[in-house]
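Asks: See target-v7.txt below, with compact mmCIF, N, CA and C atoms.
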```txt
# COMPACT_ATOMS: atom_id res chain seq x y z
N MET A 1 102.43 119.84 109.73
CA MET A 1 103.78 119.35 109.98
C MET A 1 103.90 117.94 109.41
N ALA A 2 104.94 117.69 108.65
CA ALA A 2 105.12 116.40 107.97
C ALA A 2 105.60 115.36 108.98
N SER A 3 105.11 114.15 108.81
CA SER A 3 105.50 113.06 109.68
C SER A 3 106.88 112.55 109.26
N SER A 4 107.71 112.21 110.23
CA SER A 4 109.04 111.70 109.91
C SER A 4 109.12 110.20 110.16
N ARG A 5 107.98 109.54 110.17
CA ARG A 5 107.99 108.08 110.35
C ARG A 5 108.67 107.42 109.16
N PRO A 6 109.49 106.39 109.43
CA PRO A 6 110.11 105.70 108.30
C PRO A 6 109.05 104.94 107.51
N SER A 7 109.27 104.87 106.21
CA SER A 7 108.32 104.12 105.39
C SER A 7 108.49 102.63 105.68
N PRO A 8 107.41 101.86 105.52
CA PRO A 8 107.54 100.42 105.79
C PRO A 8 108.52 99.79 104.81
N PRO A 9 109.19 98.71 105.25
CA PRO A 9 110.15 98.08 104.34
C PRO A 9 109.44 97.54 103.10
N LYS A 10 110.13 97.64 101.99
CA LYS A 10 109.55 97.14 100.74
C LYS A 10 109.60 95.61 100.75
N PRO A 11 108.59 94.96 100.17
CA PRO A 11 108.63 93.49 100.14
C PRO A 11 109.79 93.01 99.26
N LEU A 12 110.42 91.92 99.70
CA LEU A 12 111.58 91.39 99.00
C LEU A 12 111.30 89.99 98.46
N ASP A 13 112.01 89.65 97.39
CA ASP A 13 112.02 88.31 96.83
C ASP A 13 113.45 87.82 96.83
N LEU A 14 113.62 86.52 97.03
CA LEU A 14 114.93 85.89 96.88
C LEU A 14 114.97 85.26 95.51
N GLU A 15 115.93 85.68 94.70
CA GLU A 15 116.18 85.02 93.41
C GLU A 15 117.25 83.98 93.66
N LEU A 16 116.90 82.73 93.38
CA LEU A 16 117.76 81.60 93.70
C LEU A 16 117.96 80.76 92.45
N THR A 17 119.22 80.52 92.10
CA THR A 17 119.55 79.57 91.04
C THR A 17 120.32 78.43 91.69
N ILE A 18 119.76 77.23 91.60
CA ILE A 18 120.44 76.05 92.11
C ILE A 18 121.27 75.51 90.96
N VAL A 19 122.58 75.68 91.06
CA VAL A 19 123.48 75.40 89.96
C VAL A 19 123.87 73.92 89.93
N SER A 20 124.56 73.46 90.97
CA SER A 20 125.08 72.09 90.96
C SER A 20 125.49 71.69 92.37
N ALA A 21 125.90 70.44 92.50
CA ALA A 21 126.45 69.95 93.77
C ALA A 21 127.62 69.03 93.44
N LYS A 22 128.43 68.75 94.44
CA LYS A 22 129.54 67.81 94.23
C LYS A 22 129.84 67.10 95.54
N HIS A 23 130.54 65.98 95.41
CA HIS A 23 130.94 65.15 96.55
C HIS A 23 129.74 64.63 97.34
N LEU A 24 128.61 64.39 96.65
CA LEU A 24 127.46 63.82 97.34
C LEU A 24 127.68 62.34 97.58
N LYS A 25 127.14 61.84 98.67
CA LYS A 25 127.23 60.41 98.96
C LYS A 25 126.06 59.72 98.25
N ASN A 26 126.35 58.60 97.61
CA ASN A 26 125.28 57.85 96.96
C ASN A 26 124.54 57.05 98.03
N VAL A 27 123.42 57.61 98.49
CA VAL A 27 122.63 56.94 99.53
C VAL A 27 121.83 55.77 98.95
N ASN A 28 121.90 55.60 97.63
CA ASN A 28 121.18 54.51 96.95
C ASN A 28 122.14 53.45 96.43
N TRP A 29 123.35 53.37 96.98
CA TRP A 29 124.40 52.52 96.42
C TRP A 29 123.99 51.06 96.31
N LYS A 30 123.10 50.57 97.17
CA LYS A 30 122.67 49.16 97.09
C LYS A 30 121.81 48.90 95.87
N ASN A 31 121.12 49.94 95.39
CA ASN A 31 120.15 49.76 94.31
C ASN A 31 120.52 50.42 93.00
N GLY A 32 121.63 51.14 92.96
CA GLY A 32 122.01 51.78 91.70
C GLY A 32 122.54 53.19 91.90
N ASP A 33 122.44 53.97 90.83
CA ASP A 33 123.00 55.32 90.82
C ASP A 33 122.14 56.30 91.62
N LEU A 34 122.80 57.37 92.04
CA LEU A 34 122.13 58.47 92.73
C LEU A 34 121.42 59.34 91.68
N LYS A 35 120.17 59.70 91.94
CA LYS A 35 119.41 60.59 91.06
C LYS A 35 118.86 61.73 91.92
N PRO A 36 119.73 62.67 92.31
CA PRO A 36 119.36 63.66 93.32
C PRO A 36 118.50 64.80 92.78
N TYR A 37 117.70 65.34 93.69
CA TYR A 37 116.94 66.56 93.44
C TYR A 37 116.94 67.38 94.72
N ALA A 38 116.69 68.69 94.58
CA ALA A 38 116.70 69.59 95.74
C ALA A 38 115.28 70.06 96.04
N VAL A 39 114.93 70.07 97.31
CA VAL A 39 113.69 70.67 97.81
C VAL A 39 114.12 71.84 98.67
N PHE A 40 113.45 72.99 98.53
CA PHE A 40 113.90 74.17 99.26
C PHE A 40 112.72 75.06 99.58
N TRP A 41 112.91 75.91 100.60
CA TRP A 41 111.84 76.80 101.02
C TRP A 41 112.37 77.89 101.94
N ILE A 42 111.59 78.96 102.00
CA ILE A 42 111.73 79.98 103.04
C ILE A 42 110.54 79.80 103.98
N ASP A 43 109.36 79.65 103.39
CA ASP A 43 108.13 79.37 104.12
C ASP A 43 107.87 77.87 103.98
N PRO A 44 107.86 77.10 105.09
CA PRO A 44 107.70 75.64 104.99
C PRO A 44 106.39 75.21 104.32
N ASP A 45 105.42 76.11 104.25
CA ASP A 45 104.15 75.78 103.58
C ASP A 45 104.23 75.97 102.06
N ARG A 46 105.35 76.52 101.59
CA ARG A 46 105.53 76.77 100.14
C ARG A 46 106.86 76.20 99.69
N ARG A 47 106.93 74.90 99.60
CA ARG A 47 108.18 74.23 99.18
C ARG A 47 108.22 74.10 97.67
N LEU A 48 109.42 74.25 97.12
CA LEU A 48 109.66 74.08 95.69
C LEU A 48 110.73 73.01 95.51
N ALA A 49 110.86 72.50 94.28
CA ALA A 49 111.86 71.45 94.03
C ALA A 49 112.42 71.57 92.62
N THR A 50 113.65 71.12 92.48
CA THR A 50 114.26 71.01 91.15
C THR A 50 113.80 69.70 90.53
N LYS A 51 114.13 69.53 89.27
CA LYS A 51 113.95 68.23 88.63
C LYS A 51 115.05 67.31 89.14
N SER A 52 114.84 66.04 89.02
CA SER A 52 115.85 65.07 89.40
C SER A 52 116.95 65.06 88.35
N ASP A 53 118.22 65.01 88.80
CA ASP A 53 119.33 64.86 87.86
C ASP A 53 119.48 63.37 87.57
N GLU A 54 119.16 62.98 86.35
CA GLU A 54 119.11 61.56 85.98
C GLU A 54 120.46 61.01 85.50
N SER A 55 121.52 61.82 85.58
CA SER A 55 122.82 61.36 85.07
C SER A 55 123.42 60.23 85.91
N GLY A 56 122.92 60.05 87.13
CA GLY A 56 123.46 58.99 87.99
C GLY A 56 124.77 59.36 88.63
N SER A 57 125.05 60.64 88.71
CA SER A 57 126.33 61.12 89.21
C SER A 57 126.21 61.67 90.62
N THR A 58 127.32 61.67 91.36
CA THR A 58 127.36 62.34 92.65
C THR A 58 127.76 63.81 92.48
N ARG A 59 127.76 64.27 91.20
CA ARG A 59 128.04 65.67 90.86
C ARG A 59 126.89 66.19 89.98
N PRO A 60 125.66 66.28 90.54
CA PRO A 60 124.51 66.68 89.73
C PRO A 60 124.57 68.14 89.28
N VAL A 61 123.95 68.41 88.15
CA VAL A 61 123.83 69.77 87.63
C VAL A 61 122.35 70.02 87.37
N TRP A 62 121.84 71.10 87.96
CA TRP A 62 120.43 71.46 87.76
C TRP A 62 120.28 72.75 86.96
N ASN A 63 121.00 73.81 87.34
CA ASN A 63 120.88 75.12 86.69
C ASN A 63 119.43 75.57 86.56
N GLU A 64 118.68 75.51 87.66
CA GLU A 64 117.28 75.92 87.67
C GLU A 64 117.14 77.18 88.52
N ARG A 65 116.33 78.13 88.02
CA ARG A 65 116.17 79.42 88.68
C ARG A 65 114.76 79.55 89.25
N PHE A 66 114.68 80.12 90.46
CA PHE A 66 113.41 80.28 91.16
C PHE A 66 113.36 81.64 91.84
N THR A 67 112.14 82.13 92.07
CA THR A 67 111.93 83.34 92.85
C THR A 67 111.03 82.99 94.03
N LEU A 68 111.51 83.29 95.24
CA LEU A 68 110.77 82.97 96.45
C LEU A 68 110.45 84.27 97.19
N PRO A 69 109.18 84.52 97.51
CA PRO A 69 108.84 85.74 98.26
C PRO A 69 109.22 85.60 99.73
N LEU A 70 109.74 86.66 100.30
CA LEU A 70 110.01 86.68 101.74
C LEU A 70 108.74 87.11 102.45
N THR A 71 108.29 86.31 103.41
CA THR A 71 107.06 86.61 104.13
C THR A 71 107.35 87.17 105.52
N LEU A 72 108.59 87.08 105.96
CA LEU A 72 109.03 87.61 107.24
C LEU A 72 110.10 88.67 106.99
N PRO A 73 110.42 89.49 107.99
CA PRO A 73 111.54 90.43 107.82
C PRO A 73 112.82 89.67 107.47
N LEU A 74 113.70 90.33 106.75
CA LEU A 74 114.92 89.69 106.25
C LEU A 74 115.71 89.00 107.36
N HIS A 75 115.91 89.67 108.49
CA HIS A 75 116.73 89.09 109.58
C HIS A 75 116.06 87.89 110.24
N GLU A 76 114.78 87.62 109.94
CA GLU A 76 114.08 86.45 110.50
C GLU A 76 113.88 85.36 109.44
N SER A 77 114.38 85.57 108.23
CA SER A 77 114.15 84.63 107.13
C SER A 77 115.34 83.70 106.93
N PHE A 78 115.03 82.43 106.70
CA PHE A 78 116.04 81.41 106.45
C PHE A 78 115.68 80.64 105.20
N LEU A 79 116.70 80.29 104.42
CA LEU A 79 116.53 79.40 103.29
C LEU A 79 116.95 78.02 103.75
N THR A 80 116.07 77.05 103.58
CA THR A 80 116.39 75.66 103.89
C THR A 80 116.37 74.88 102.58
N LEU A 81 117.39 74.07 102.35
CA LEU A 81 117.50 73.29 101.13
C LEU A 81 117.90 71.87 101.53
N GLU A 82 117.20 70.89 100.97
CA GLU A 82 117.50 69.50 101.24
C GLU A 82 117.69 68.77 99.91
N ILE A 83 118.71 67.93 99.85
CA ILE A 83 118.95 67.09 98.67
C ILE A 83 118.46 65.69 99.01
N PHE A 84 117.63 65.14 98.14
CA PHE A 84 117.11 63.79 98.31
C PHE A 84 117.50 62.94 97.11
N HIS A 85 117.51 61.63 97.32
CA HIS A 85 117.64 60.70 96.20
C HIS A 85 116.23 60.43 95.70
N SER A 86 116.07 60.50 94.39
CA SER A 86 114.77 60.28 93.78
C SER A 86 114.65 58.83 93.35
N LYS A 87 113.54 58.24 93.66
CA LYS A 87 113.27 56.91 93.12
C LYS A 87 111.77 56.80 92.92
N PRO A 88 111.35 56.12 91.89
CA PRO A 88 109.93 56.06 91.55
C PRO A 88 109.16 55.11 92.47
N SER A 89 108.89 55.55 93.69
CA SER A 89 108.11 54.73 94.62
C SER A 89 107.47 55.66 95.64
N GLU A 90 106.59 55.10 96.42
CA GLU A 90 105.91 55.87 97.45
C GLU A 90 106.67 55.85 98.77
N THR A 91 107.78 55.12 98.83
CA THR A 91 108.53 55.04 100.08
C THR A 91 109.25 56.36 100.34
N PRO A 92 109.58 56.62 101.58
CA PRO A 92 110.29 57.88 101.88
C PRO A 92 111.60 57.97 101.09
N LYS A 93 111.91 59.17 100.65
CA LYS A 93 113.13 59.40 99.87
C LYS A 93 114.32 59.54 100.81
N PRO A 94 115.43 58.87 100.53
CA PRO A 94 116.61 59.02 101.39
C PRO A 94 117.19 60.44 101.28
N LEU A 95 117.47 61.03 102.45
CA LEU A 95 118.06 62.36 102.53
C LEU A 95 119.56 62.26 102.27
N VAL A 96 120.06 63.10 101.37
CA VAL A 96 121.50 63.13 101.08
C VAL A 96 122.18 64.18 101.95
N GLY A 97 121.63 65.40 101.99
CA GLY A 97 122.24 66.47 102.78
C GLY A 97 121.33 67.67 102.89
N THR A 98 121.64 68.58 103.84
CA THR A 98 120.80 69.74 104.15
C THR A 98 121.66 71.00 104.25
N LEU A 99 121.05 72.11 103.88
CA LEU A 99 121.66 73.44 104.05
C LEU A 99 120.61 74.36 104.65
N ARG A 100 121.01 75.17 105.64
CA ARG A 100 120.11 76.19 106.20
C ARG A 100 120.95 77.44 106.39
N ILE A 101 120.53 78.54 105.72
CA ILE A 101 121.29 79.79 105.83
C ILE A 101 120.35 80.94 106.14
N SER A 102 120.86 81.88 106.93
CA SER A 102 120.11 83.09 107.27
C SER A 102 120.19 84.05 106.09
N LEU A 103 119.03 84.52 105.62
CA LEU A 103 119.04 85.46 104.50
C LEU A 103 119.53 86.83 104.93
N GLY A 104 119.50 87.11 106.22
CA GLY A 104 120.03 88.37 106.73
C GLY A 104 121.54 88.47 106.57
N GLU A 105 122.20 87.33 106.36
CA GLU A 105 123.66 87.31 106.20
C GLU A 105 124.10 87.43 104.74
N ILE A 106 123.14 87.48 103.81
CA ILE A 106 123.50 87.61 102.40
C ILE A 106 123.93 89.04 102.15
N ASP A 107 125.11 89.21 101.60
CA ASP A 107 125.58 90.54 101.24
C ASP A 107 125.03 90.83 99.85
N ASN A 108 123.98 91.65 99.80
CA ASN A 108 123.31 91.89 98.53
C ASN A 108 124.09 92.85 97.64
N SER A 109 125.18 93.43 98.17
CA SER A 109 125.99 94.29 97.31
C SER A 109 126.91 93.45 96.43
N ASP A 110 126.96 92.15 96.75
CA ASP A 110 127.75 91.24 95.92
C ASP A 110 127.16 91.14 94.52
N ASP A 111 127.96 90.65 93.62
CA ASP A 111 127.51 90.40 92.26
C ASP A 111 126.48 89.27 92.28
N PRO A 112 125.22 89.54 91.82
CA PRO A 112 124.19 88.50 91.87
C PRO A 112 124.47 87.33 90.92
N THR A 113 125.44 87.48 90.02
CA THR A 113 125.78 86.38 89.12
C THR A 113 126.86 85.49 89.72
N ARG A 114 127.37 85.88 90.89
CA ARG A 114 128.44 85.10 91.55
C ARG A 114 127.87 83.80 92.10
N ILE A 115 128.57 82.72 91.84
CA ILE A 115 128.16 81.42 92.36
C ILE A 115 128.80 81.24 93.74
N ARG A 116 127.96 80.92 94.72
CA ARG A 116 128.44 80.68 96.08
C ARG A 116 128.38 79.19 96.38
N THR A 117 129.34 78.71 97.13
CA THR A 117 129.41 77.30 97.50
C THR A 117 129.16 77.16 98.99
N PHE A 118 128.24 76.26 99.35
CA PHE A 118 127.91 76.00 100.75
C PHE A 118 128.09 74.51 101.03
N VAL A 119 128.45 74.19 102.27
CA VAL A 119 128.60 72.81 102.69
C VAL A 119 127.23 72.25 103.10
N LEU A 120 126.90 71.09 102.56
CA LEU A 120 125.70 70.37 102.98
C LEU A 120 126.07 69.52 104.19
N THR A 121 125.10 69.29 105.07
CA THR A 121 125.38 68.46 106.23
C THR A 121 124.37 67.32 106.34
N ARG A 122 124.78 66.26 106.99
CA ARG A 122 123.91 65.14 107.33
C ARG A 122 123.14 65.51 108.59
N PRO A 123 122.08 64.77 108.94
CA PRO A 123 121.37 65.06 110.19
C PRO A 123 122.30 65.01 111.41
N SER A 124 123.38 64.23 111.33
CA SER A 124 124.34 64.15 112.43
C SER A 124 125.20 65.41 112.54
N GLY A 125 125.15 66.28 111.51
CA GLY A 125 125.99 67.47 111.49
C GLY A 125 127.28 67.29 110.70
N ARG A 126 127.57 66.06 110.27
CA ARG A 126 128.77 65.82 109.46
C ARG A 126 128.64 66.47 108.09
N PRO A 127 129.71 66.98 107.52
CA PRO A 127 129.67 67.52 106.16
C PRO A 127 129.29 66.42 105.17
N GLN A 128 128.52 66.80 104.16
CA GLN A 128 128.04 65.82 103.18
C GLN A 128 127.98 66.47 101.80
N GLY A 129 129.10 66.81 101.24
CA GLY A 129 129.10 67.40 99.91
C GLY A 129 128.92 68.90 99.94
N LYS A 130 128.88 69.48 98.75
CA LYS A 130 128.75 70.93 98.62
C LYS A 130 127.71 71.25 97.56
N ILE A 131 127.03 72.38 97.76
CA ILE A 131 126.01 72.85 96.82
C ILE A 131 126.45 74.21 96.30
N ARG A 132 126.24 74.44 95.01
CA ARG A 132 126.60 75.72 94.38
C ARG A 132 125.32 76.42 93.96
N VAL A 133 125.15 77.66 94.44
CA VAL A 133 123.93 78.42 94.17
C VAL A 133 124.27 79.88 93.89
N LYS A 134 123.33 80.55 93.23
CA LYS A 134 123.37 82.01 93.09
C LYS A 134 122.22 82.55 93.92
N LEU A 135 122.48 83.57 94.73
CA LEU A 135 121.48 84.17 95.60
C LEU A 135 121.48 85.68 95.41
N SER A 136 120.30 86.28 95.29
CA SER A 136 120.23 87.73 95.33
C SER A 136 118.85 88.14 95.83
N LEU A 137 118.83 89.24 96.57
CA LEU A 137 117.58 89.79 97.08
C LEU A 137 117.16 90.94 96.19
N ARG A 138 115.89 90.97 95.86
CA ARG A 138 115.34 92.02 94.99
C ARG A 138 114.07 92.57 95.61
N GLU A 139 113.86 93.87 95.42
CA GLU A 139 112.57 94.43 95.82
C GLU A 139 111.51 93.86 94.90
N ARG A 140 110.40 93.44 95.50
CA ARG A 140 109.30 92.89 94.70
C ARG A 140 108.69 94.02 93.89
N PRO A 141 108.53 93.83 92.59
CA PRO A 141 107.93 94.90 91.78
C PRO A 141 106.48 95.13 92.19
N LEU A 142 106.09 96.39 92.16
CA LEU A 142 104.70 96.71 92.47
C LEU A 142 103.81 96.23 91.36
N PRO A 143 102.60 95.78 91.69
CA PRO A 143 101.68 95.37 90.62
C PRO A 143 101.30 96.59 89.79
N PRO A 144 101.01 96.39 88.51
CA PRO A 144 100.63 97.54 87.69
C PRO A 144 99.32 98.14 88.18
N PRO A 145 99.15 99.45 88.03
CA PRO A 145 97.90 100.06 88.47
C PRO A 145 96.74 99.53 87.63
N PRO A 146 95.53 99.49 88.21
CA PRO A 146 94.40 98.97 87.45
C PRO A 146 94.09 99.88 86.25
N ASP A 147 93.65 99.26 85.21
CA ASP A 147 93.27 100.01 84.00
C ASP A 147 91.76 100.22 84.04
N TYR A 148 91.34 101.44 84.25
CA TYR A 148 89.91 101.71 84.38
C TYR A 148 89.25 102.07 83.06
N HIS A 149 89.94 101.90 81.95
CA HIS A 149 89.34 102.29 80.68
C HIS A 149 88.56 101.18 80.06
```
Since I need it in another form, could you write the structure as structure tokens?
Replies:
Amino acid sequence: MASSRPSPPKPLDLELTIVSAKHLKNVNWKNGDLKPYAVFWIDPDRRLATKSDESGSTRPVWNERFTLPLTLPLHESFLTLEIFHSKPSETPKPLVGTLRISLGEIDNSDDPTRIRTFVLTRPSGRPQGKIRVKLSLRERPLPPPPDYH
């Protein structure tokens, strides 16, 4: 008799393109232009970052694409993204804004090329600019079978 157990869920990856931001506050106004970069993660032990936008604008453009593996079930996974001001020193980087979204709320039937806009917030919870990203969930491809020849 065949078992009717459901197959385990396939591993998923988040394909993320960090496109741009706008209306950022220049947290470095005393010392010059804002040179923002984004740090983001699903697993806090595996953080990734964009390059710093050196244009000195509060409307940075990154257009960088990343693939992040989901290590927890989709409904328990969150994407956290923080924008910092970059400066060449060992001092702590000033935080510009934060985004945290549940990946379980992503409608994967949407067009993966669609750019979505999210509000960034300050630690106080106040809105602090907007970030534009592309998000899509993909089944992780299986590794190729070993070649025994």
Asks: Identify which of the residues A:Leu12, A:Lys51, A:His23, A:Leu95 lies closest to A:Leu68, counting all atoms listed in the file when measuring atom-to-atom distances.
Replies: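 Residue with the minimum atom-to-atom distance to A:Leu68: A:Leu12.
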Asks: Quick check, in Å to one decimal: how far apart do atom CA of A:Phe84 and atom CA of A:Arg116 lie?
Replies: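 Computing it gives 20.5 Å between the two atoms.
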Asks: Could you check which of A:Arg140, A:Lys10, A:Lys25, A:Arg100 is closest to A:Ile42, using only C-alpha atoms?
Replies: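 Nearest candidate to A:Ile42 out of A:Arg140, A:Lys10, A:Lys25, A:Arg100: A:Arg100.
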Asks: Near stretch 36-39 of chain A, within 5 Å and counting only N, CA and C atoms, which residues show up once chain neighbours fewer than 4 positions away are dropped, as a tab-separated table (two decimals) with N, CA and C atoms, in the coordinates of the input?
Replies:
```tsv
chain	number	residue	atom	x	y	z
A	48	LEU	N	109.42	74.25	97.12
A	48	LEU	CA	109.66	74.08	95.69
A	48	LEU	C	110.73	73.01	95.51
A	49	ALA	N	110.86	72.50	94.28
A	49	ALA	CA	111.86	71.45	94.03
A	49	ALA	C	112.42	71.57	92.62
A	50	THR	N	113.65	71.12	92.48
A	50	THR	CA	114.26	71.01	91.15
A	50	THR	C	113.80	69.70	90.53
A	51	LYS	N	114.13	69.53	89.27
A	51	LYS	CA	113.95	68.23	88.63
A	51	LYS	C	115.05	67.31	89.14
A	52	SER	N	114.84	66.04	89.02
A	52	SER	CA	115.85	65.07	89.40
A	52	SER	C	116.95	65.06	88.35
A	53	ASP	N	118.22	65.01	88.80
A	53	ASP	CA	119.33	64.86	87.86
A	53	ASP	C	119.48	63.37	87.57
A	81	LEU	N	117.39	74.07	102.35
A	81	LEU	CA	117.50	73.29	101.13
A	81	LEU	C	117.90	71.87	101.53
A	82	GLU	N	117.20	70.89	100.97
A	82	GLU	CA	117.50	69.50	101.24
A	82	GLU	C	117.69	68.77	99.91
A	83	ILE	N	118.71	67.93	99.85
A	83	ILE	CA	118.95	67.09	98.67
A	83	ILE	C	118.46	65.69	99.01
A	84	PHE	N	117.63	65.14	98.14
A	84	PHE	CA	117.11	63.79	98.31
A	84	PHE	C	117.50	62.94	97.11
A	85	HIS	N	117.51	61.63	97.32
A	85	HIS	CA	117.64	60.70	96.20
A	85	HIS	C	116.23	60.43	95.70
A	86	SER	N	116.07	60.50	94.39
A	86	SER	CA	114.77	60.28	93.78
A	86	SER	C	114.65	58.83	93.35
```
Asks: If you run DSSP over the backbone, which residues in chain A end up strand (DSSP E or B)? Put them as a ChimeraX atom specification.
Replies: /A:12-22,36-41,48-49,61-69,78-85,95-102,116-121,127-139
Asks: Of the residues A:Ala21, A:Ile115, A:Leu72, A:Ile131, which is the one nearest to A:Pro60, using only N, CA and C atoms?
Replies: A:Ala21
Asks: Find the residues around A:Leu99 up to 6 Å (all atoms listed in the file counted), leave out those fewer than 3 positions away in its own chain, and share them as a list in words.
Replies: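 In the requested format, the answer is Leu79, Thr80, Leu81, Glu82, Val119, Leu120 and Thr121 of chain A.
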Asks: At a cut-off of 7 Å from (124.2, 71.9, 85.8) in the coordinates of the file, what residues are picked up using only C-alpha atoms, written as a count of residues only?
Replies: 6
Asks: Work out where the centre of an axis-aligned box around every listed atom of stretch 22-40 of chain A lies and how long its edges are once 6 Å is added on each side; give both in Å to one decimal as AutoDock Vina command-line options.
Replies:
```
--center_x 121.8 --center_y 62.0 --center_z 95.2 --size_x 30.2 --size_y 38.2 --size_z 20.8
```
